[in-house]
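Raw entry_13.pdb, PDB, C-alpha atoms:
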```pdb
ATOM      1  CA  MET A  25     -75.633-100.645 -46.926
ATOM      2  CA  LEU A  26     -73.776-100.982 -50.230
ATOM      3  CA  ALA A  27     -71.363-103.747 -49.182
ATOM      4  CA  THR A  28     -71.093-105.800 -46.002
ATOM      5  CA  ASN A  29     -67.576-107.208 -46.251
ATOM      6  CA  LEU A  30     -64.189-106.598 -47.850
ATOM      7  CA  HIS A  31     -64.750-109.214 -50.553
ATOM      8  CA  ASP A  32     -67.926-107.417 -51.736
ATOM      9  CA  VAL A  33     -66.137-104.062 -51.660
ATOM     10  CA  LEU A  34     -63.245-105.317 -53.782
ATOM     11  CA  GLU A  35     -65.564-107.225 -56.133
ATOM     12  CA  HIS A  36     -68.099-104.460 -56.867
ATOM     13  CA  PHE A  37     -66.395-101.090 -56.308
ATOM     14  CA  ASP A  38     -63.446 -99.364 -57.952
ATOM     15  CA  PHE A  39     -62.198 -96.365 -55.972
ATOM     16  CA  THR A  40     -59.663 -95.283 -58.612
ATOM     17  CA  ASP A  41     -59.939 -91.511 -59.225
ATOM     18  CA  SER A  42     -62.317 -91.063 -56.273
ATOM     19  CA  ILE A  43     -61.347 -88.284 -53.867
ATOM     20  CA  VAL A  44     -61.035 -88.664 -50.107
ATOM     21  CA  THR A  45     -63.093 -85.822 -48.610
ATOM     22  CA  GLU A  46     -63.161 -86.740 -44.921
ATOM     23  CA  VAL A  47     -61.453 -89.046 -42.436
ATOM     24  CA  ARG A  48     -62.801 -89.415 -38.903
ATOM     25  CA  TRP A  49     -63.373 -91.819 -36.077
ATOM     26  CA  ALA A  50     -66.942 -92.989 -35.521
ATOM     27  CA  ASP A  51     -68.690 -92.143 -32.274
ATOM     28  CA  ASN A  52     -67.624 -95.510 -30.857
ATOM     29  CA  LEU A  53     -63.958 -94.469 -31.421
ATOM     30  CA  ILE A  54     -62.961 -97.858 -32.849
ATOM     31  CA  ASP A  55     -64.400 -97.608 -36.380
ATOM     32  CA  LEU A  56     -62.499 -95.437 -38.868
ATOM     33  CA  ILE A  57     -64.651 -93.732 -41.510
ATOM     34  CA  VAL A  58     -63.199 -92.551 -44.816
ATOM     35  CA  VAL A  59     -65.657 -90.611 -46.960
ATOM     36  CA  VAL A  60     -64.948 -90.512 -50.691
ATOM     37  CA  ASP A  61     -66.500 -88.690 -53.608
ATOM     38  CA  TYR A  62     -67.092 -91.809 -55.730
ATOM     39  CA  TYR A  63     -65.991 -91.031 -59.293
ATOM     40  CA  TRP A  64     -67.379 -94.046 -61.172
ATOM     41  CA  ASP A  65     -71.025 -92.993 -60.907
ATOM     42  CA  ILE A  66     -70.384 -90.333 -63.563
ATOM     43  CA  GLN A  67     -68.709 -92.906 -65.807
ATOM     44  CA  GLU A  68     -71.840 -95.041 -65.553
ATOM     45  CA  GLY A  69     -74.049 -92.236 -66.909
ATOM     46  CA  HIS A  70     -75.171 -90.486 -63.713
ATOM     47  CA  ASP A  71     -75.216 -86.700 -63.496
ATOM     48  CA  ASN A  72     -73.571 -86.556 -60.081
ATOM     49  CA  THR A  73     -71.129 -88.506 -58.006
ATOM     50  CA  ARG A  74     -72.146 -89.805 -54.596
ATOM     51  CA  MET A  75     -70.439 -89.691 -51.262
ATOM     52  CA  ILE A  76     -69.603 -93.190 -50.032
ATOM     53  CA  LYS A  77     -68.442 -94.032 -46.521
ATOM     54  CA  ILE A  78     -65.781 -96.701 -46.270
ATOM     55  CA  ILE A  79     -66.079 -97.955 -42.701
ATOM     56  CA  PHE A  80     -63.185 -99.906 -41.243
ATOM     57  CA  GLU A  81     -64.808-101.700 -38.307
ATOM     58  CA  HIS A  82     -62.997-102.432 -35.036
ATOM     59  CA  CYS A  83     -59.637-100.971 -36.056
ATOM     60  CA  THR A  84     -56.560-102.248 -34.271
ATOM     61  CA  LYS A  85     -54.165-100.151 -36.345
ATOM     62  CA  ALA A  86     -54.371 -97.175 -38.700
ATOM     63  CA  ASP A  87     -51.209 -95.707 -40.228
ATOM     64  CA  PHE A  88     -51.059 -92.599 -42.392
ATOM     65  CA  GLN A  89     -48.034 -92.028 -44.627
ATOM     66  CA  ILE A  90     -48.129 -88.479 -45.954
ATOM     67  CA  SER A  91     -45.255 -87.856 -48.334
ATOM     68  CA  THR A  92     -42.882 -85.015 -47.607
ATOM     69  CA  ASP A  93     -41.512 -85.196 -51.162
ATOM     70  CA  LEU A  94     -44.188 -83.207 -52.937
ATOM     71  CA  PRO A  95     -43.323 -82.256 -56.520
ATOM     72  CA  LEU A  96     -44.278 -78.593 -56.046
ATOM     73  CA  SER A  97     -44.499 -76.087 -53.246
ATOM     74  CA  PRO A  98     -47.580 -76.528 -51.000
ATOM     75  CA  ASP A  99     -49.131 -73.362 -52.491
ATOM     76  CA  ASP A 100     -48.869 -74.743 -56.046
ATOM     77  CA  VAL A 101     -50.252 -78.225 -55.355
ATOM     78  CA  ASN A 102     -53.852 -79.092 -56.178
ATOM     79  CA  LYS A 103     -54.906 -80.371 -52.741
ATOM     80  CA  GLU A 104     -57.518 -82.712 -54.250
ATOM     81  CA  SER A 105     -54.823 -84.554 -56.194
ATOM     82  CA  LEU A 106     -53.054 -85.427 -52.934
ATOM     83  CA  TYR A 107     -56.191 -87.289 -51.841
ATOM     84  CA  THR A 108     -57.226 -88.872 -55.146
ATOM     85  CA  ILE A 109     -57.207 -92.640 -54.800
ATOM     86  CA  VAL A 110     -55.038 -94.497 -57.293
ATOM     87  CA  LEU A 111     -55.355 -97.932 -55.661
ATOM     88  CA  PHE A 112     -57.498 -99.599 -52.987
ATOM     89  CA  LYS A 113     -56.454-103.131 -52.110
ATOM     90  CA  GLU A 114     -56.093-105.836 -49.517
ATOM     91  CA  LEU A 115     -52.539-105.999 -48.199
ATOM     92  CA  GLU A 116     -50.405-108.882 -47.009
ATOM     93  CA  GLY A 117     -51.177-110.034 -43.504
ATOM     94  CA  SER A 118     -54.953-110.334 -43.891
ATOM     95  CA  SER A 119     -56.729-113.278 -42.303
ATOM     96  CA  ASP A 120     -60.285-114.328 -41.534
ATOM     97  CA  LYS A 121     -60.217-112.323 -38.297
ATOM     98  CA  HIS A 122     -58.162-109.293 -39.381
ATOM     99  CA  LYS A 123     -58.277-107.449 -42.688
ATOM    100  CA  HIS A 124     -55.263-105.379 -43.744
ATOM    101  CA  VAL A 125     -56.316-102.774 -46.303
ATOM    102  CA  GLY A 126     -54.406-100.009 -48.057
ATOM    103  CA  ILE A 127     -55.556 -96.815 -49.747
ATOM    104  CA  PHE A 128     -52.910 -95.429 -52.090
ATOM    105  CA  THR A 129     -52.993 -91.840 -53.342
ATOM    106  CA  ILE A 130     -49.728 -90.442 -54.747
ATOM    107  CA  ASP A 131     -47.439 -93.454 -54.479
ATOM    108  CA  TYR A 132     -48.291 -96.965 -55.702
ATOM    109  CA  SER A 133     -45.578 -98.488 -53.528
ATOM    110  CA  LYS A 134     -46.595 -96.979 -50.179
ATOM    111  CA  PRO A 135     -50.202 -96.623 -48.980
ATOM    112  CA  TRP A 136     -51.427 -93.224 -47.827
ATOM    113  CA  LEU A 137     -53.561 -95.130 -45.310
ATOM    114  CA  SER A 138     -53.007 -98.651 -44.041
ATOM    115  CA  VAL A 139     -55.681-100.129 -41.759
ATOM    116  CA  VAL A 140     -55.959-103.373 -39.806
ATOM    117  CA  CYS A 141     -59.592-104.030 -38.862
ATOM    118  CA  SER A 142     -62.145-106.800 -38.442
ATOM    119  CA  ASN A 143     -64.302-105.862 -41.451
ATOM    120  CA  VAL A 144     -64.867-103.241 -44.153
ATOM    121  CA  VAL A 145     -68.370-102.044 -45.067
ATOM    122  CA  LEU A 146     -69.724 -99.363 -47.396
ATOM    123  CA  GLU A 147     -72.615 -96.975 -46.796
ATOM    124  CA  GLU A 148     -74.011 -94.003 -48.675
TER     125      GLU A 148
END
```
Written form, structure tokens:
Amino acid sequence: MLATNLHDVLEHFDFTDSIVTEVRWADNLIDLIVVVDYYWDIQEGHDNTRMIKIIFEHCTKADFQISTDLPLSPDDVNKESLYTIVLFKELEGSSDKHKHVGIFTIDYSKPWLSVVCSNVVLEE
């Protein structure tokens, strides 16, 4: 386990420029798993990036906002750029019991994914 709570995630990991490669529900159907190709390993001198699972435990809400205002036609858009993280942050409404987290891709003002959960952990 790379991080066991949201504070550790925010303190030690920067998801900027990492690419979302998979989103799925865990077998228990209440944990949301977002797998990212973690960009910063290369910046720290490694030869390869690593796949990191962001696990939102005990989700009570997960909202996706996929923009319909794409700058180019769907055939001309680099699909990876639509899922490249520009910001990962805790949102208003978080408490000790419920964490409200946003993953932003194209738009800094509106998260691509907004999740309310009990905890956030990271695994390789």
With distances taken over only C-alpha atoms, which residue among A:Ser133, A:Asn72, A:Asn52, A:Asn29 lies nearest Asp120 in chain A?
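Among the listed residues, A:Asn29 lies closest to Asp120 in chain A.
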Quick one: apply the PyMOL selection byres ((chain A and resi 25) around 9) to the file and drop the selected residues here as a list in words.
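Evaluating the PyMOL selection byres ((chain A and resi 25) around 9) on this file yields Leu26, Ala27, Thr28, Val145, Leu146, Glu147 and Glu148 of chain A.
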Could you give me the axis-aligned bounding box of range 131-142 of chain A, with 5 Å of padding per side, as centre plus edge lengths in Å to one decimal, as JSON?
```
{"center_x": -53.9, "center_y": -100.0, "center_z": -47.1, "size_x": 26.6, "size_y": 23.6, "size_z": 27.3}
```
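Near Ser142 in chain A, within 6 Å and counting only C-alpha atoms, sit Glu81, His82, Lys121, His122 and Lys123 of chain A; same-chain residues fewer than 5 positions away were not included.
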Selection result for the PyMOL selection byres ((chain A and resi 105-115) around 8) on this file, as a list of chain:residue names
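Taken over the shown coordinates, the PyMOL selection byres ((chain A and resi 105-115) around 8) returns A:Leu34, A:Asp38, A:Phe39, A:Thr40, A:Asp41, A:Ser42, A:Ile43, A:Val44, A:Thr45, A:Val101, A:Asn102, A:Lys103, A:Glu104, A:Glu116, A:Gly117, A:Ser118, A:Lys123, A:His124, A:Val125, A:Gly126, A:Ile127, A:Phe128, A:Thr129, A:Ile130, A:Tyr132.
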Translate the PyMOL selection byres ((chain A and resi 83-85) around 7), as applied to the file shown, into an explicit residue set as a PyMOL selection string.
chain A and resi 54-56+80-82+86-87+139-142
Once you have the residues from the selection above, write them out as a compact mmCIF listing (two decimals), in the frame of the given file, restricted to C-alpha atoms.
```txt
# COMPACT_ATOMS: atom_id res chain seq x y z
CA ILE A 54 -62.96 -97.86 -32.85
CA ASP A 55 -64.40 -97.61 -36.38
CA LEU A 56 -62.50 -95.44 -38.87
CA PHE A 80 -63.18 -99.91 -41.24
CA GLU A 81 -64.81 -101.70 -38.31
CA HIS A 82 -63.00 -102.43 -35.04
CA ALA A 86 -54.37 -97.18 -38.70
CA ASP A 87 -51.21 -95.71 -40.23
CA VAL A 139 -55.68 -100.13 -41.76
CA VAL A 140 -55.96 -103.37 -39.81
CA CYS A 141 -59.59 -104.03 -38.86
CA SER A 142 -62.14 -106.80 -38.44
```
